[in-house]
file run33.pdb (PDB, C-alpha atoms)
ATOM      1  CA  MET A   1     103.720  98.205 116.933
ATOM      2  CA  SER A   2     101.167  95.774 118.286
ATOM      3  CA  THR A   3     102.603  93.037 120.411
ATOM      4  CA  PRO A   4     101.241  89.706 121.629
ATOM      5  CA  GLY A   5      98.982  90.166 124.596
ATOM      6  CA  ASP A   6      97.844  93.742 123.761
ATOM      7  CA  ASP A   7      94.150  92.750 124.065
ATOM      8  CA  ARG A   8      91.986  89.801 124.974
ATOM      9  CA  THR A   9      93.252  87.689 122.048
ATOM     10  CA  ASP A  10      95.948  85.195 123.005
ATOM     11  CA  TRP A  11      98.271  85.784 120.032
ATOM     12  CA  ARG A  12     100.812  83.404 121.443
ATOM     13  CA  ALA A  13      98.285  80.549 121.330
ATOM     14  CA  VAL A  14      97.294  81.511 117.775
ATOM     15  CA  ALA A  15     100.894  81.457 116.593
ATOM     16  CA  GLU A  16     101.560  78.099 118.221
ATOM     17  CA  ARG A  17      98.866  76.396 116.141
ATOM     18  CA  GLY A  18     101.394  75.598 113.407
ATOM     19  CA  PRO A  19     104.566  73.516 113.638
ATOM     20  CA  ALA A  20     106.443  76.833 113.754
ATOM     21  CA  GLY A  21     104.375  79.894 114.508
ATOM     22  CA  ALA A  22     104.832  83.654 114.384
ATOM     23  CA  VAL A  23     102.767  86.832 114.424
ATOM     24  CA  LEU A  24     103.540  89.663 112.012
ATOM     25  CA  SER A  25     102.532  93.260 112.460
ATOM     26  CA  GLY A  26     102.738  95.218 109.221
ATOM     27  CA  GLY A  27     105.267  92.731 107.880
ATOM     28  CA  VAL A  28     107.490  92.897 110.960
ATOM     29  CA  VAL A  29     107.817  89.904 113.293
ATOM     30  CA  ALA A  30     105.981  90.770 116.512
ATOM     31  CA  TRP A  31     106.381  87.389 118.130
ATOM     32  CA  ALA A  32     107.839  84.012 117.117
ATOM     33  CA  SER A  33     107.811  80.612 118.774
ATOM     34  CA  ALA A  34     110.913  78.687 119.686
ATOM     35  CA  ALA A  35     110.105  76.290 116.826
ATOM     36  CA  ALA A  36     110.081  79.211 114.360
ATOM     37  CA  HIS A  37     113.553  80.302 115.487
ATOM     38  CA  ALA A  38     114.827  76.741 115.067
ATOM     39  CA  LEU A  39     113.225  76.380 111.640
ATOM     40  CA  VAL A  40     114.789  79.577 110.321
ATOM     41  CA  GLY A  41     118.082  78.764 112.021
ATOM     42  CA  VAL A  42     118.572  81.832 114.216
ATOM     43  CA  PRO A  43     119.169  82.188 117.980
ATOM     44  CA  ALA A  44     116.134  82.224 120.256
ATOM     45  CA  GLY A  45     114.567  85.621 120.744
ATOM     46  CA  THR A  46     116.198  87.262 117.691
ATOM     47  CA  LEU A  47     113.221  87.217 115.291
ATOM     48  CA  PRO A  48     110.954  89.879 116.871
ATOM     49  CA  GLY A  49     111.507  93.280 115.287
ATOM     50  CA  ARG A  50     112.861  91.898 112.013
ATOM     51  CA  ASP A  51     111.219  92.355 108.612
ATOM     52  CA  ALA A  52     109.709  88.973 107.764
ATOM     53  CA  LEU A  53     110.611  89.264 104.077
ATOM     54  CA  ASP A  54     114.279  89.780 104.969
ATOM     55  CA  LEU A  55     114.250  86.257 106.399
ATOM     56  CA  LEU A  56     113.734  84.796 102.906
ATOM     57  CA  VAL A  57     116.092  84.483  99.952
ATOM     58  CA  GLY A  58     115.764  87.419  97.593
ATOM     59  CA  ALA A  59     114.106  85.495  94.767
ATOM     60  CA  ASP A  60     111.243  84.391  97.047
ATOM     61  CA  ARG A  61     110.446  87.795  98.557
ATOM     62  CA  PRO A  62     108.157  89.137  95.774
ATOM     63  CA  ARG A  63     105.926  86.064  95.962
ATOM     64  CA  ALA A  64     105.814  86.242  99.746
ATOM     65  CA  ARG A  65     104.914  89.944  99.635
ATOM     66  CA  ARG A  66     102.032  89.210  97.257
ATOM     67  CA  ALA A  67     100.834  86.367  99.481
ATOM     68  CA  LEU A  68     100.720  88.684 102.496
ATOM     69  CA  GLU A  69      98.832  91.349 100.533
ATOM     70  CA  GLU A  70      96.309  88.834  99.186
ATOM     71  CA  ALA A  71      95.726  87.390 102.663
ATOM     72  CA  ARG A  72      95.006  90.859 104.073
ATOM     73  CA  ARG A  73      92.672  91.753 101.176
ATOM     74  CA  ALA A  74      90.640  88.552 101.484
ATOM     75  CA  PRO A  75      90.859  87.390 105.109
ATOM     76  CA  GLY A  76      88.058  84.849 104.716
ATOM     77  CA  THR A  77      89.537  83.179 101.636
ATOM     78  CA  ALA A  78      91.618  80.028 101.881
ATOM     79  CA  HIS A  79      95.031  80.446 100.258
ATOM     80  CA  PRO A  80      97.366  77.562  99.402
ATOM     81  CA  PRO A  81     100.642  77.358 101.330
ATOM     82  CA  LEU A  82     103.563  79.265  99.853
ATOM     83  CA  ARG A  83     106.819  77.385  99.253
ATOM     84  CA  VAL A  84     109.884  79.485 100.118
ATOM     85  CA  ARG A  85     113.514  79.268 101.255
ATOM     86  CA  ALA A  86     115.007  80.824 104.373
ATOM     87  CA  ALA A  87     117.957  83.143 103.740
ATOM     88  CA  THR A  88     119.935  81.441 106.496
ATOM     89  CA  ARG A  89     119.234  77.951 105.129
ATOM     90  CA  PRO A  90     118.597  78.256 101.371
ATOM     91  CA  GLU A  91     119.097  74.524 100.836
ATOM     92  CA  ARG A  92     115.918  73.821 102.792
ATOM     93  CA  ARG A  93     112.375  74.244 101.485
ATOM     94  CA  LEU A  94     109.639  75.620 103.722
ATOM     95  CA  GLU A  95     105.894  75.884 103.286
ATOM     96  CA  VAL A  96     104.209  78.880 104.873
ATOM     97  CA  SER A  97     100.526  79.558 105.477
ATOM     98  CA  VAL A  98      99.231  83.040 106.312
ATOM     99  CA  HIS A  99      96.091  83.821 108.342
ATOM    100  CA  PRO A 100      94.984  87.447 108.923
ATOM    101  CA  LEU A 101      94.066  88.359 112.478
ATOM    102  CA  ASP A 102      92.814  91.630 113.951
ATOM    103  CA  GLY A 103      94.022  94.902 112.449
ATOM    104  CA  SER A 104      97.455  94.613 110.860
ATOM    105  CA  LEU A 105      98.333  91.386 112.616
ATOM    106  CA  VAL A 106      98.923  88.209 110.613
ATOM    107  CA  ALA A 107      99.520  84.723 111.979
ATOM    108  CA  VAL A 108     102.071  82.638 110.123
ATOM    109  CA  ALA A 109     102.626  78.892 110.328
ATOM    110  CA  ALA A 110     105.609  77.242 108.638
ATOM    111  CA  TRP A 111     107.001  73.738 108.298
ATOM    112  CA  ASP A 112     109.960  72.042 106.634
ATOM    113  CA  VAL A 113     109.117  70.229 103.355
ATOM    114  CA  THR A 114     112.679  69.621 102.145
ATOM    115  CA  ALA A 115     112.303  65.838 102.234
ATOM    116  CA  ARG A 116     108.931  66.002 100.477
ATOM    117  CA  VAL A 117     110.335  68.251  97.725
ATOM    118  CA  ARG A 118     113.210  65.831  97.238
ATOM    119  CA  ARG A 119     110.792  62.912  96.897
ATOM    120  CA  GLU A 120     108.619  64.869  94.457
ATOM    121  CA  ARG A 121     111.649  65.625  92.297
ATOM    122  CA  GLU A 122     112.731  62.006  92.383
ATOM    123  CA  LEU A 123     109.271  60.873  91.293
ATOM    124  CA  ARG A 124     109.185  63.412  88.452
ATOM    125  CA  HIS A 125     112.645  62.330  87.360
ATOM    126  CA  ARG A 126     111.683  58.667  87.395
ATOM    127  CA  ALA A 127     108.543  59.385  85.393
ATOM    128  CA  GLY A 128     110.545  61.027  82.622
ATOM    129  CA  HIS A 129     113.833  59.142  82.670
ATOM    130  CA  ASP A 130     115.182  55.688  81.955
ATOM    131  CA  ALA A 131     116.170  53.891  85.162
ATOM    132  CA  LEU A 132     119.264  52.210  83.706
ATOM    133  CA  THR A 133     120.951  55.088  81.885
ATOM    134  CA  GLY A 134     119.372  58.149  83.492
ATOM    135  CA  LEU A 135     118.481  59.472  80.034
ATOM    136  CA  PRO A 136     115.083  60.941  79.147
ATOM    137  CA  ASN A 137     112.590  58.251  78.213
ATOM    138  CA  ARG A 138     110.083  58.101  75.372
ATOM    139  CA  ALA A 139     107.523  60.271  77.197
ATOM    140  CA  LEU A 140     109.981  63.081  77.979
ATOM    141  CA  LEU A 141     111.348  62.922  74.428
ATOM    142  CA  ALA A 142     107.822  63.449  73.108
ATOM    143  CA  ASP A 143     107.365  66.480  75.384
ATOM    144  CA  ARG A 144     110.640  68.071  74.312
ATOM    145  CA  TRP A 145     109.912  67.317  70.678
ATOM    146  CA  GLU A 146     106.577  69.089  70.976
ATOM    147  CA  VAL A 147     108.280  72.111  72.547
ATOM    148  CA  SER A 148     110.842  72.123  69.737
ATOM    149  CA  ARG A 149     108.085  72.168  67.145
ATOM    150  CA  SER A 150     106.429  75.133  68.848
ATOM    151  CA  ARG A 151     109.523  77.313  68.456
ATOM    152  CA  ARG A 152     110.174  79.582  65.520
ATOM    153  CA  PRO A 153     112.495  78.222  62.817
ATOM    154  CA  GLY A 154     116.178  78.831  63.448
ATOM    155  CA  PRO A 155     118.192  81.373  61.468
ATOM    156  CA  GLY A 156     120.063  80.630  58.261
ATOM    157  CA  GLY A 157     118.145  77.540  57.264
ATOM    158  CA  SER A 158     118.913  75.655  60.461
ATOM    159  CA  GLY A 159     116.360  73.129  61.599
ATOM    160  CA  THR A 160     115.506  70.259  63.907
ATOM    161  CA  TYR A 161     116.814  66.754  63.256
ATOM    162  CA  VAL A 162     116.189  63.356  64.784
ATOM    163  CA  LEU A 163     118.848  60.657  64.952
ATOM    164  CA  VAL A 164     118.045  57.019  65.728
ATOM    165  CA  CYS A 165     120.956  55.089  67.242
ATOM    166  CA  ASP A 166     120.870  51.315  67.632
ATOM    167  CA  VAL A 167     123.363  49.213  69.595
ATOM    168  CA  ASP A 168     124.315  46.240  67.435
ATOM    169  CA  GLY A 169     125.510  43.130  69.239
ATOM    170  CA  LEU A 170     123.759  43.750  72.548
ATOM    171  CA  LYS A 171     122.101  40.332  72.532
ATOM    172  CA  GLN A 172     125.446  38.627  71.949
ATOM    173  CA  VAL A 173     126.975  40.549  74.847
ATOM    174  CA  ASN A 174     124.090  39.495  77.097
ATOM    175  CA  ASP A 175     124.336  35.851  75.985
ATOM    176  CA  ARG A 176     128.118  35.591  76.338
ATOM    177  CA  HIS A 177     128.873  37.822  79.310
ATOM    178  CA  GLY A 178     125.583  38.244  81.146
ATOM    179  CA  HIS A 179     123.041  41.022  81.401
ATOM    180  CA  ALA A 180     125.246  43.015  83.765
ATOM    181  CA  ALA A 181     127.742  43.396  80.903
ATOM    182  CA  GLY A 182     124.920  44.371  78.552
ATOM    183  CA  ASP A 183     123.677  46.989  81.009
ATOM    184  CA  ARG A 184     127.204  48.337  81.327
ATOM    185  CA  LEU A 185     127.430  48.609  77.540
ATOM    186  CA  LEU A 186     124.161  50.555  77.377
ATOM    187  CA  ARG A 187     125.353  52.964  80.064
ATOM    188  CA  GLU A 188     128.627  53.474  78.173
ATOM    189  CA  VAL A 189     126.743  54.192  74.961
ATOM    190  CA  ALA A 190     124.468  56.646  76.787
ATOM    191  CA  HIS A 191     127.490  58.457  78.222
ATOM    192  CA  ALA A 192     129.171  58.608  74.812
ATOM    193  CA  LEU A 193     126.059  59.973  73.103
ATOM    194  CA  ARG A 194     125.680  62.713  75.714
ATOM    195  CA  ALA A 195     129.328  63.654  75.281
ATOM    196  CA  HIS A 196     128.842  64.314  71.553
ATOM    197  CA  VAL A 197     125.806  66.623  71.750
ATOM    198  CA  ARG A 198     125.248  70.151  72.998
ATOM    199  CA  PRO A 199     123.790  70.801  76.481
ATOM    200  CA  GLY A 200     120.407  71.778  75.018
ATOM    201  CA  ASP A 201     120.032  68.670  72.854
ATOM    202  CA  THR A 202     118.115  65.603  74.012
ATOM    203  CA  VAL A 203     119.473  62.056  74.121
ATOM    204  CA  ALA A 204     116.728  59.583  75.026
ATOM    205  CA  ARG A 205     116.590  55.830  75.449
ATOM    206  CA  THR A 206     113.416  54.646  73.739
ATOM    207  CA  GLY A 207     113.891  50.886  73.727
ATOM    208  CA  GLY A 208     116.127  48.056  74.833
ATOM    209  CA  ASP A 209     118.978  48.841  72.441
ATOM    210  CA  GLU A 210     117.672  52.032  70.818
ATOM    211  CA  PHE A 211     118.429  55.669  71.516
ATOM    212  CA  VAL A 212     117.026  58.797  69.890
ATOM    213  CA  VAL A 213     118.864  62.123  69.680
ATOM    214  CA  LEU A 214     116.906  65.342  69.119
ATOM    215  CA  VAL A 215     118.981  68.317  67.971
ATOM    216  CA  ASP A 216     117.439  71.727  67.410
ATOM    217  CA  ARG A 217     118.455  74.771  65.346
ATOM    218  CA  VAL A 218     121.369  73.195  63.485
ATOM    219  CA  ALA A 219     122.410  72.897  59.854
ATOM    220  CA  ALA A 220     122.188  69.619  57.965
ATOM    221  CA  GLU A 221     125.984  69.539  57.709
ATOM    222  CA  HIS A 222     126.224  69.518  61.481
ATOM    223  CA  VAL A 223     123.852  66.547  61.684
ATOM    224  CA  GLU A 224     125.882  64.577  59.147
ATOM    225  CA  GLU A 225     129.037  65.243  61.152
ATOM    226  CA  LEU A 226     127.266  64.301  64.377
ATOM    227  CA  ALA A 227     126.012  61.031  62.890
ATOM    228  CA  ALA A 228     129.533  60.214  61.731
ATOM    229  CA  ARG A 229     130.864  60.772  65.259
ATOM    230  CA  LEU A 230     128.149  58.676  66.872
ATOM    231  CA  ARG A 231     128.307  55.640  64.607
ATOM    232  CA  GLY A 232     131.007  53.021  64.741
ATOM    233  CA  ASP A 233     132.420  50.701  67.382
ATOM    234  CA  ALA A 234     130.625  50.949  70.700
ATOM    235  CA  PRO A 235     132.552  52.658  73.515
ATOM    236  CA  GLY A 236     134.433  50.580  76.015
ATOM    237  CA  GLY A 237     135.934  48.302  73.410
ATOM    238  CA  THR A 238     133.179  45.694  73.690
ATOM    239  CA  PRO A 239     133.937  43.094  70.970
ATOM    240  CA  GLY A 240     131.260  42.845  68.279
ATOM    241  CA  ALA A 241     129.290  45.841  69.557
ATOM    242  CA  ARG A 242     128.629  48.779  67.259
ATOM    243  CA  VAL A 243     126.351  51.826  67.119
ATOM    244  CA  SER A 244     124.336  52.217  63.897
ATOM    245  CA  VAL A 245     122.895  55.670  63.184
ATOM    246  CA  GLY A 246     120.281  57.126  60.864
ATOM    247  CA  TRP A 247     118.791  60.604  60.826
ATOM    248  CA  ALA A 248     115.923  62.595  59.371
ATOM    249  CA  ALA A 249     114.916  66.241  59.257
ATOM    250  CA  ASP A 250     111.920  67.108  61.387
ATOM    251  CA  CYS A 251     108.955  68.938  59.920
ATOM    252  CA  PRO A 252     105.828  69.953  61.869
ATOM    253  CA  ALA A 253     103.729  69.008  58.843
ATOM    254  CA  ARG A 254     104.794  65.376  59.324
ATOM    255  CA  SER A 255     103.925  63.105  62.194
ATOM    256  CA  PRO A 256     106.723  62.238  64.623
ATOM    257  CA  ALA A 257     106.147  58.593  63.699
ATOM    258  CA  SER A 258     106.975  59.238  60.038
ATOM    259  CA  VAL A 259     110.103  61.226  60.930
ATOM    260  CA  LEU A 260     111.282  58.431  63.215
ATOM    261  CA  ALA A 261     110.510  55.845  60.536
ATOM    262  CA  GLU A 262     112.688  57.688  58.007
ATOM    263  CA  ALA A 263     115.556  57.956  60.484
ATOM    264  CA  ASP A 264     115.081  54.314  61.438
ATOM    265  CA  ALA A 265     115.240  53.221  57.792
ATOM    266  CA  ARG A 266     118.553  55.033  57.363
ATOM    267  CA  MET A 267     119.813  53.493  60.580
ATOM    268  CA  TYR A 268     118.980  50.046  59.277
ATOM    269  CA  ALA A 269     120.770  50.831  56.003
ATOM    270  CA  ASP A 270     123.822  51.819  58.058
ATOM    271  CA  LYS A 271     123.539  48.546  59.979
ATOM    272  CA  ARG A 272     123.327  46.611  56.706
ATOM    273  CA  ALA A 273     126.348  48.355  55.216
ATOM    274  CA  ALA A 274     128.428  47.591  58.303
ATOM    275  CA  ARG A 275     127.418  43.937  58.179
ATOM    276  CA  GLU A 276     128.274  43.697  54.514
ATOM    277  CA  ARG A 277     131.672  45.289  55.090
ATOM    278  CA  ALA A 278     132.304  42.784  57.855
ATOM    279  CA  GLY A 279     131.137  39.923  55.664
ATOM    280  CA  GLY A 280     128.433  38.905  58.101
ATOM    281  CA  ALA A 281     124.842  38.018  57.517
ATOM    282  CA  LEU A 282     122.215  40.669  58.018
ATOM    283  CA  PRO A 283     120.050  39.905  61.054
ATOM    284  CA  ALA A 284     116.373  39.296  60.573
ATOM    285  CA  PRO A 285     114.408  42.552  60.150
ATOM    286  CA  ARG A 286     112.408  43.729  63.154
ATOM    287  CA  HIS A 287     109.303  45.829  63.615
ATOM    288  CA  GLY A 288     108.379  45.827  59.939
ATOM    289  CA  GLU A 289     111.906  46.473  58.641
ATOM    290  CA  GLU A 290     111.154  44.473  55.501
ATOM    291  CA  THR A 291     110.163  47.843  54.060
ATOM    292  CA  GLU A 292     112.941  49.612  55.996
ATOM    293  CA  VAL A 293     110.297  51.694  57.689
ATOM    294  CA  ARG A 294     108.636  50.929  60.999
ATOM    295  CA  ASP A 295     105.710  52.589  62.663
ATOM    296  CA  ALA A 296     107.240  54.345  65.647
ATOM    297  CA  SER A 297     106.210  57.270  67.784
ATOM    298  CA  PRO A 298     108.068  59.052  70.561
TER     299      PRO A 298
END
call {"tool": "encode", "arguments": {"input": "run33.pdb", "output": "structure tokens"}}
result
Amino acid sequence: MSTPGDDRTDWRAVAERGPAGAVLSGGVVAWASAAAHALVGVPAGTLPGRDALDLLVGADRPRARRALEEARRAPGTAHPPLRVRAATRPERRLEVSVHPLDGSLVAVAAWDVTARVRRERELRHRAGHDALTGLPNRALLADRWEVSRSRRPGPGGSGTYVLVCDVDGLKQVNDRHGHAAGDRLLREVAHALRAHVRPGDTVARTGGDEFVVLVDRVAAEHVEELAARLRGDAPGGTPGARVSVGWAADCPARSPASVLAEADARMYADKRAARERAGGALPAPRHGEETEVRDASP
């Protein structure tokens, strides 16, 4: 096995170019810097002689093997860093760059990107989720709806359904008890909606007091039962607060806006019926509700 210092090339200097450097010979660690030992989390001097792939978690080894092979086949080509996890510290994320040297030798540089990965995930989550409730937002709902439409129809006549849920009385809660109480009510409603659906279903907050539930591969009877469970007095016992629900069957031949409008019209009918039972006046229609249909899109 070639070792650092076998010829005029200073392999040790090459390996030290990265935050944590090493030299591999045929996939085996020939030399590793002190920083590399610290990054992987092993005692100093224990990396030489070990198979480099054995230092990674099993799921990352095939990609790392391909990266090494590609680097050797095209030594003059720039390859993007590979993101992997060390077997000794799987909770951490590392980026590794590979640079072929003479013969079978390969220089490796690695650095810790755990904090960057965490920030990236946080940014992606914020882009697709509502800040108050943590639910998917309108954009993520649209993405999941599109994926649902791309699937084959479910067995036995099951289909995809959209439920529009509106929190009645939110303005009164805000006016009487403050916006903190209104925010608490919305979080309680979000928690209750999630508790009533399956793990694969989507509950999204699409507006101030409006939520949309997307359920896939279910029978119409299931949707009717789900709507019955969701509607009624808002959770937490907030006086005067209620969840109104309307639903519609999805169909790829229709636009999402028309499906939402049908569900919204039924939701408004549910709201009206509850008001009439309570003997209260129906609030002024919103968003074109004079026709019980509004132009909405996910």
call {"tool": "residues_around", "arguments": {"input": "run33.pdb", "residues": "Thr133 of chain A", "least_positions_apart": "4", "cutoff": "9 Å", "atoms": "all atoms listed in the file", "output": "count of residues only"}}
result
8
call {"tool": "resolve_selection", "arguments": {"input": "run33.pdb", "expression": "the PyMOL selection byres ((chain A and resi 53-68) around 8)", "output": "count of residues only"}}
result
17
call {"tool": "closest_residue", "arguments": {"input": "run33.pdb", "among": "A:Val167, A:Val96, A:Ala192, A:Leu140", "to": "Gly21 of chain A", "atoms": "all atoms listed in the file"}}
result
A:Val96
call {"tool": "closest_residue", "arguments": {"input": "run33.pdb", "among": "A:Glu95, A:Glu210, A:Asp250, A:Asp102", "to": "Asp130 of chain A", "atoms": "only C-alpha atoms"}}
result
A:Glu210
call {"tool": "residues_around", "arguments": {"input": "run33.pdb", "residues": "segment 223-237 of chain A", "least_positions_apart": "6", "cutoff": "12 Å", "atoms": "all atoms listed in the file", "output": "PyMOL selection string"}}
result
chain A and resi 158-170+173+181-182+184-198+201+203+209+211-217+243-250+263+266-267+270-271+273-275
call {"tool": "atom_distance", "arguments": {"input": "run33.pdb", "atom1": "atom CA of Ala35 of chain A", "atom2": "atom CA of Pro75 of chain A"}}
result
25.1 Å
call {"tool": "axis_aligned_box", "arguments": {"input": "run33.pdb", "around": "segment 242-246 of chain A", "padding_each_side": "8 Å", "output": "AutoDock Vina command-line options"}}
result
--center_x 124.5 --center_y 53.0 --center_z 64.1 --size_x 24.3 --size_y 24.3 --size_z 22.4
call {"tool": "closest_residue", "arguments": {"input": "run33.pdb", "among": "A:Ala142, A:Ala269, A:Ala261, A:Val147", "to": "Thr206 of chain A", "atoms": "all atoms listed in the file"}}
result
A:Ala142
call {"tool": "resolve_selection", "arguments": {"input": "run33.pdb", "expression": "the PyMOL selection byres ((chain A and resi 103) around 10)", "output": "list in words"}}
result
Ser2, Ser25, Gly26, Arg72, Pro100, Leu101, Asp102, Ser104, Leu105 and Val106 of chain A
call {"tool": "resolve_selection", "arguments": {"input": "run33.pdb", "expression": "the PyMOL selection byres ((chain A and resi 49) around 9)", "output": "PyMOL selection string"}}
result
chain A and resi 28-31+46-48+50-52
call {"tool": "atom_distance", "arguments": {"input": "run33.pdb", "atom1": "atom CA of Ala109 of chain A", "atom2": "atom CA of Arg89 of chain A"}}
result
17.4 Å
call {"tool": "atom_distance", "arguments": {"input": "run33.pdb", "atom1": "atom CA of Arg126 of chain A", "atom2": "atom CA of Gly207 of chain A"}}
result
15.9 Å
call {"tool": "closest_residue", "arguments": {"input": "run33.pdb", "among": "A:Ala180, A:Ala44, A:Ala278, A:Ala139", "to": "Ala127 of chain A", "atoms": "all atoms listed in the file"}}
result
A:Ala139
call {"tool": "closest_residue", "arguments": {"input": "run33.pdb", "among": "A:Ala34, A:Cys251, A:Val42, A:Ala20", "to": "Ala110 of chain A", "atoms": "all atoms listed in the file"}}
result
A:Ala20
